[in-house]
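Comments concern the structure below.
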Amino acid sequence: MSAKKYLYVITKAPYSNAAGIEALDAILIGASFELDVSVLFLHNGVFQLKDNQDIGVKDSSLPNVKQFTKTYKALEDFGVNQLYVQDQSLDARGLSESDLIVPAKLIDSQSIKVLVSEHDQVFTF
């Protein structure tokens with residue numbers, strides 16, 4: 001019997017709310033249990049992978065926010081090697097593959113449908 005496959009879809013920009021850190025925590029927990037984990041970055045979620053981020057002045061609605069996006073570099077150490085970024089989301093936000101903190105496979109909208117169908121569980125943040 002093959003292991004279940006889990007896809008984490010990240011749609012929110014980092015530091016805009018707690019979804020970014022919660023997604024990263026969920027990914028790391030899944031990976032620590034040696035689950036088959038993939039991550040897809042869509043819409044403003046592509047900013048999660050943007051290199052050289054500056055969170056600037058702390059937003060009073062998000063107290064004690066720390067820069068967590070550098071932790072994406074550690075995903076490979078946890079066995080998370082399947083990172084996907086929607087090409088249209090990057091383009092629409094003026095980003096390219098060279099702007100990303102970690103390597104990720106570019107994927108188009110049609111391929112996203114296939115990717116989602118290949119996973120047993122999909123979690124959206």
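The way I read the labels, and the way they are meant: chains A, B, ... in the order of the structure tokens, residue 1 as the first residue of every chain, and ligand 1 as the first ligand shown, with later ones counted on from there.
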
* **Spatial neighbours of Leu7 of chain A, 12 Å, only C-alpha atoms, chain gap at least 6 places, as a PyMOL selection string** => chain A and resi 23+26-27+30-31+35-41+80+82-84+112+114-125

* Among the residues of chain A, find those DSSP assigns to strand (DSSP E or B) from the backbone and print them as a VMD selection string. => chain A and resid 5 to 10 36 to 41 50 82 to 86 100 105 to 107 121 to 124

* **Residue nearest Lys105 of chain A - candidates A:Leu75, A:Ala19, A:Val9, A:Val85, atoms counted: only C-alpha atoms** =>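 Distance minimum relative to Lys105 of chain A lands on A:Val85.
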
* Using atom CA of Leu106 of chain A and atom CA of Pro14 of chain A as the two end points, give the distance in Å to one decimal. =>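 So the two atoms, atom CA of Leu106 of chain A and atom CA of Pro14 of chain A, lie 19.7 Å apart.
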
* Asked: Which distance in Å separates atom CA of Thr69 of chain A and atom CA of Val102 of chain A, to one decimal?
  ->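 Spanning atom CA of Thr69 of chain A to atom CA of Val102 of chain A is a straight-line distance of 10.4 Å.
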
* Asked: Interatomic distance between atom CA of Ser89 of chain A and atom CA of Leu24 of chain A?
  ->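 Between atom CA of Ser89 of chain A and atom CA of Leu24 of chain A the gap works out to 19.5 Å.
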
* To do: Considering only C-alpha atoms, state which residue in the set A:Leu100, A:Leu42, A:Leu28, A:Ala3 is at the smallest distance from Phe78 of chain A.
  => A:Leu28
